[in-house]
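Asks: If you scroll down you'll find the structure; I have some questions about it.
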Amino acid sequence: MDQHWYVFVDLMGTFAFGISGALAGREKRLDPFGVFVATYATACGGGIIRDLCLGSLPPVGMSDWRYLACVVLASAVTMWMHPLLAHLRHPIVWFDSLGLGLFAVVGAQKSMQLANNVEVALVLGVIGAVGGGVLRDVLLNRVPIILQKEIYALAALAGAVVQVSGHWMGWSPALTPWAAVSTCFVIRSLALRYSWSLPRKW
Amino acid sequence: MDQHWYVFVDLMGTFAFGISGALAGREKRLDPFGVFVATYATACGGGIIRDLCLGSLPPVGMSDWRYLACVVLASAVTMWMHPLLAHLRHPIVWFDSLGLGLFAVVGAQKSMQLANNVEVALVLGVIGAVGGGVLRDVLLNRVPIILQKEIYALAALAGAVVQVSGHWMGWSPALTPWAAVSTCFVIRSLALRYSWSLPRKW
Amino acid sequence: MDQHWYVFVDLMGTFAFGISGALAGREKRLDPFGVFVATYATACGGGIIRDLCLGSLPPVGMSDWRYLACVVLASAVTMWMHPLLAHLRHPIVWFDSLGLGLFAVVGAQKSMQLANNVEVALVLGVIGAVGGGVLRDVLLNRVPIILQKEIYALAALAGAVVQVSGHWMGWSPALTPWAAVSTCFVIRSLALRYSWSLPRKW
């Protein structure tokens with residue numbers, strides 16, 4: 001995967017995750033600083049937990065200014081250009097699904113490199129992708145939405161599985177990430193399109 | 001303490017802690033993936049926080065597949081063999097108390113080895129033992145149960161104190177862990193049997 | 001800044017933060033152990049998260065007994081000498097504001113030394129100062145108060161900015177911390193005195 005294209009999509013994902021955090025903060029009637037914190041936690045929280053578990057310090061969400069810039073932009077757009085978001089609804093859901101897949105792949109790949117352990121790679125791929133959303137919900141005092149409905153974390157897991165399999169079986173490092181991101185993205189999109197959920201009547 | 005026997009009891013404790021997490025997730029009507037996350041957080045969360053604080057990375061709950069296997073088993077049993085749990089109620093409470101003591105001892109011992117500091121050992125002994133339950137309650141959006149009632153964390157603290165004292169005073173490394181686990185187990189069992197609680201009328 | 005004077009004020013801040021945690025625990029009707037945990041989380045939680053992100057392990061709130069002593073003292077005073085607190089209300093708010101500034105400066109300075117990155121220093125300065133309060137509110141199952149009202153985290157940010165600027169521009173290391181702490185303290189005091197808040201009508 002080309003490095004520049006990869007960074008571009010990663011930052012898009014951060015922005016999309018950030019928007020979802022800012023919107024949640026807005027709903028809870030937080031003040032502007034609180035909205036910024038909710039944005040930051042949603043966009044960078046998963047990566048920070050992942051980096052803590054890998055000992056890759058300081059976490060990239062703190063040390064790379066571009067992530068912070070995306071967070072500032074996402075909270076500013078949500079606060080001051082709120083009507084604009086109506087037009088952005090579709091792209092945002094797309095970026096969020098893309099970000100989900102990309103964060104899962106980045107987490108799985110980084111974990112394989114630093115810890116060289118399949119289980120760690122799967123767990124941290126998922127945590128990197130969904131941890132920010134969980135942190136957002138914990139801070140806003142609600143049960144994390146991913147524990148309750150929709151195929152979300154499972155899509156991230158599928159992406160991480162493809163990435164780790166590719167790493168394990170020696171697939172092309174240029175193509176594996178794309179296959180993994182696509183897997184996650186397709187599953188997530190289908191789940192959204194057809195309102196797939198896991199059964200709750202067990 | 002014999003290594004194999006120790007691992008066996010540790011995994012039993014993980015299983016018992018996992019069951020309590022899965023039951024809590026079931027009560028909150030989470031979907032199967034959510035139940036799995038609640039199980040994982042309860043069973044492995046305390047150890048993960050402990051390992052983060054010790055810099056022992058990646059955390060053992062992520063890198064050793066046997067813990068994950070216990071988590072999968074505990075959530076599967078809770079979801080699909082729920083009636084079986086009625087028969088397991090007594091053994092589960094026993095394993096939970098045993099797991100509490102064992103996690104406290106493991107945390108205290110690991111902290112003494114890695115940080116060589118009595119205070120760290122006591123704090124991380126208790127956090128390793130009760131952290132998973134706290135994480136479970138935070139994720140499920142309720143005030144952690146250990147902050148409210150029952151002698152639970154104090155039993156873990158007593159176990160950690162015995163373990164650290166033994167380490168400090170040069171007691172037999174083969175016997176000290178058993179004395180520590182027993183201390184925690186007896187206090188916890190007596191507290192359960194006689195419904196001991198700390199006074200709340202202060 | 002003189003080392004002894006600095007440690008003295010840091011411990012005062014820990015004590016003041018601890019009192020606010022103990023009072024919050026008391027309000028929620030926790031048992032004495034629960035109050036102690038709420039005190040510890042409030043007083044030491046921010047520093048622990050900061051140290052985890054910096055890889056400075058074990059965290060100072062666990063390895064330096066004086067912080068634990070302040071926590072024990074704060075929870076004991078709150079539980080058994082509650083009427084005394086009425087007389088301490090003013091000093092406590094002062095110490096809390098002082099502690100806020102000091103924790104922000106310590107966090108920013110420690111981050112500059114260990115990570116040498118301005119963004120990390122600002123983020124961890126703020127997290128070190130307000131993280132304990134956030135942890136307290138998450139444990140007690142409420143939306144963190146700093147996300148909702150009052151100029152609190154922004155005062156910490158101002159202190160961290162002054163400290164990092166000083167470090168960056170080579171100001172006197174003896175005077176910069178005092179300027180930074182004063183900045184935070186003055187902003188926080190003015191916000192309290194005039195009930196400043198960020199606007200919520202956006």
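To be explicit about the labels: the chains of the structure tokens are called A, B, and onward in the order shown, and within each one the residues are counted from 1, while ligands get numbers from 1 in the order they are shown.
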Check which residues of stretch 71-169 of chain A sit at most 10 Å from stretch 140-156 of chain B using only C-alpha atoms, and return one row each with the closest pair of atoms and their distance in Å to one decimal, ordered by chain and rising number, as JSON lines.

Replies:
```
{"residue": "A:Asp137", "atom": "CA", "partner": "B:Asn141", "partner_atom": "CA", "distance": 9.3}
{"residue": "A:Val138", "atom": "CA", "partner": "B:Asn141", "partner_atom": "CA", "distance": 7.4}
{"residue": "A:Leu140", "atom": "CA", "partner": "B:Asn141", "partner_atom": "CA", "distance": 9.9}
{"residue": "A:Asn141", "atom": "CA", "partner": "B:Asn141", "partner_atom": "CA", "distance": 6.4}
{"residue": "A:Arg142", "atom": "CA", "partner": "B:Asn141", "partner_atom": "CA", "distance": 5.9}
{"residue": "A:Val143", "atom": "CA", "partner": "B:Leu140", "partner_atom": "CA", "distance": 5.4}
{"residue": "A:Pro144", "atom": "CA", "partner": "B:Leu140", "partner_atom": "CA", "distance": 7.8}
{"residue": "A:Leu147", "atom": "CA", "partner": "B:Leu140", "partner_atom": "CA", "distance": 9.2}
```

Asks: For the selection just defined, write its residues with N, CA, C and O atoms to a file, as a compact mmCIF listing (two decimals), in the first residue's frame.

Replies:
```txt
# COMPACT_ATOMS: atom_id res chain seq x y z
N ASP A 137 -18.10 6.39 24.53
CA ASP A 137 -19.34 6.04 25.21
C ASP A 137 -19.16 5.95 26.72
O ASP A 137 -20.06 6.33 27.48
N VAL A 138 -17.97 5.48 27.16
CA VAL A 138 -17.72 5.43 28.61
C VAL A 138 -17.67 6.85 29.17
O VAL A 138 -18.26 7.14 30.20
N LEU A 140 -19.11 9.47 28.00
CA LEU A 140 -20.43 10.10 27.94
C LEU A 140 -21.46 9.31 28.73
O LEU A 140 -22.66 9.54 28.62
N ASN A 141 -20.95 8.35 29.53
CA ASN A 141 -21.80 7.64 30.49
C ASN A 141 -22.92 6.85 29.83
O ASN A 141 -24.09 6.95 30.21
N ARG A 142 -22.58 6.05 28.81
CA ARG A 142 -23.57 5.13 28.26
C ARG A 142 -22.89 3.81 27.93
O ARG A 142 -21.68 3.74 27.80
N VAL A 143 -23.70 2.75 27.83
CA VAL A 143 -23.15 1.45 27.47
C VAL A 143 -22.63 1.52 26.03
O VAL A 143 -23.35 1.97 25.14
N PRO A 144 -21.36 1.13 25.81
CA PRO A 144 -20.80 1.25 24.47
C PRO A 144 -21.71 0.63 23.41
O PRO A 144 -22.18 -0.50 23.56
N LEU A 147 -21.31 -2.87 21.89
CA LEU A 147 -21.65 -4.07 22.66
C LEU A 147 -23.11 -4.44 22.46
O LEU A 147 -23.55 -5.51 22.86
```

Asks: Write out as a PyMOL selection string the set of residues from chain C that DSSP, computed on the backbone, places in alpha helix (DSSP H).

Replies: chain C and resi 3-27+32-54+60-63+65-80+82-115+118-139+153-169+176-193

Asks: Excluding same-chain residues fewer than 3 positions from C:Val37, what lies within 12 Å of it counting only C-alpha atoms, as a ChimeraX atom specification?

Replies: /B:123,126-127,130-131,134,144,146-148,153-154 /C:18-19,21-26,30-34,40-45,68,71-72,74-75,132,135-136,139-140

Asks: For the selection you just gave me, I'd like the residues written to a file as a compact mmCIF listing (two decimals), in the first residue's frame, keeping C-alpha atoms.

Replies:
```txt
# COMPACT_ATOMS: atom_id res chain seq x y z
CA VAL B 123 -1.46 -1.70 44.70
CA VAL B 126 -5.25 -5.55 44.31
CA ILE B 127 -5.66 -3.99 40.84
CA VAL B 130 -10.27 -6.56 41.10
CA GLY B 131 -9.50 -4.46 38.00
CA VAL B 134 -14.22 -2.68 37.78
CA PRO B 144 -18.30 -0.74 40.33
CA ILE B 146 -16.57 -3.50 44.78
CA LEU B 147 -16.82 0.17 45.73
CA GLN B 148 -20.19 -0.39 47.29
CA ALA B 153 -10.88 -6.00 47.46
CA LEU B 154 -9.81 -6.14 51.11
CA GLY C 18 -8.01 13.46 47.11
CA ILE C 19 -10.51 15.37 49.25
CA GLY C 21 -12.58 12.36 45.31
CA ALA C 22 -13.46 11.30 48.84
CA LEU C 23 -16.35 13.77 49.00
CA ALA C 24 -17.69 12.46 45.68
CA GLY C 25 -17.45 8.89 46.97
CA ARG C 26 -19.22 9.85 50.17
CA LEU C 30 -19.67 4.08 48.90
CA ASP C 31 -18.23 1.96 51.70
CA PRO C 32 -14.91 3.10 53.29
CA PHE C 33 -12.84 1.05 50.86
CA GLY C 34 -14.78 2.52 47.96
CA TYR C 40 -6.78 7.37 45.09
CA ALA C 41 -8.20 7.50 41.57
CA THR C 42 -8.81 11.25 41.79
CA ALA C 43 -5.46 12.12 43.37
CA CYS C 44 -3.18 9.78 41.44
CA GLY C 45 -5.13 8.72 38.35
CA LEU C 68 -0.35 7.09 49.06
CA VAL C 71 -4.52 9.67 49.83
CA VAL C 72 -4.97 7.81 53.12
CA ALA C 74 -7.52 12.72 52.60
CA SER C 75 -9.95 9.80 52.80
CA GLY C 132 -7.81 12.00 37.94
CA LEU C 135 -11.39 8.80 36.23
CA ARG C 136 -13.30 9.66 39.44
CA LEU C 139 -15.92 5.25 38.23
CA LEU C 140 -18.83 7.00 39.92
```

Asks: Just want the 12 Å neighbourhood of C:Asn117, counted on only C-alpha atoms, with same-chain residues fewer than 6 positions away dropped. Output as a list in words.

Replies: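 Neighbouring residues, sequence-local ones excluded: Leu57, Pro58, Pro59, Val60, Met62, Ser63, Asp64 and Trp65 of chain A; Leu54, Ala108, Gln109, Lys110, Ser111, Val123, Leu124, Gly125, Val164, Ser165, His167 and Trp168 of chain C.
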
Asks: Which residue out of C:Met169, C:Leu192, C:Ala121, C:Met79 has the minimum interatomic distance to chain A when only C-alpha atoms are used?

Replies: C:Ala121

Asks: Which value, in Å to one decimal, gives the distance between atom CA of C:Val35 and atom CA of B:Asp51?

Replies: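 We find that atom CA of C:Val35 and atom CA of B:Asp51 lie 25.0 Å from each other.
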
Asks: Between atom CA of B:Ala129 and atom CA of B:Ala38, measure the distance and give it in Å to one decimal.

Replies: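 Atom-to-atom, atom CA of B:Ala129 and atom CA of B:Ala38 are spaced 16.2 Å apart.
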
Asks: List as a list in words the protein and nucleic acid residues near B:Gly128, meaning an atom at most 7 Å away when only C-alpha atoms are counted, but skip any in the same chain fewer than 5 places from it.

Replies: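 Everything that qualifies: Gly46, Gly47, Arg50, Phe103, Ala104 and Gly107 of chain B.
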
Asks: Output N, CA and C atoms for every residue in that selection, as a short mmCIF file (atom, residue, chain, number, x, y, z; two decimals), in the first residue's frame.

Replies:
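Saved result, selection-v8.cif, follows:
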```cif
data_model
loop_
_atom_site.label_atom_id
_atom_site.label_comp_id
_atom_site.auth_asym_id
_atom_site.auth_seq_id
_atom_site.Cartn_x
_atom_site.Cartn_y
_atom_site.Cartn_z
N GLY B 46 -8.02 -6.92 34.59
CA GLY B 46 -7.15 -6.61 35.73
C GLY B 46 -5.69 -6.91 35.41
N GLY B 47 -5.45 -8.06 34.79
CA GLY B 47 -4.09 -8.43 34.44
C GLY B 47 -3.49 -7.50 33.40
N ARG B 50 -2.52 -4.29 35.14
CA ARG B 50 -1.31 -4.59 35.93
C ARG B 50 -0.08 -4.63 35.03
N PHE B 103 -5.00 -14.22 41.62
CA PHE B 103 -4.64 -13.03 40.86
C PHE B 103 -3.91 -12.03 41.76
N ALA B 104 -4.36 -11.92 43.03
CA ALA B 104 -3.68 -11.01 43.96
C ALA B 104 -2.24 -11.44 44.18
N GLY B 107 -0.15 -10.94 40.97
CA GLY B 107 0.13 -9.52 40.77
C GLY B 107 1.20 -9.03 41.72
#
```

Asks: Which is closest to chain C among B:Ala191, B:Arg29, B:Met112, B:Leu102, if we use only C-alpha atoms?

Replies: B:Met112

Asks: From the options B:Phe8, B:Tyr194, B:Phe17, B:Phe36, which residue's atoms come nearest to chain A, counting only C-alpha atoms?

Replies: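 Comparing B:Phe8, B:Tyr194, B:Phe17, B:Phe36 against chain A, the winner is B:Phe36.
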
Asks: Please indicate the distance in Å from atom CA of C:Met12 to atom CA of C:Phe95, rounded to one decimal place.

Replies: 6.3 Å
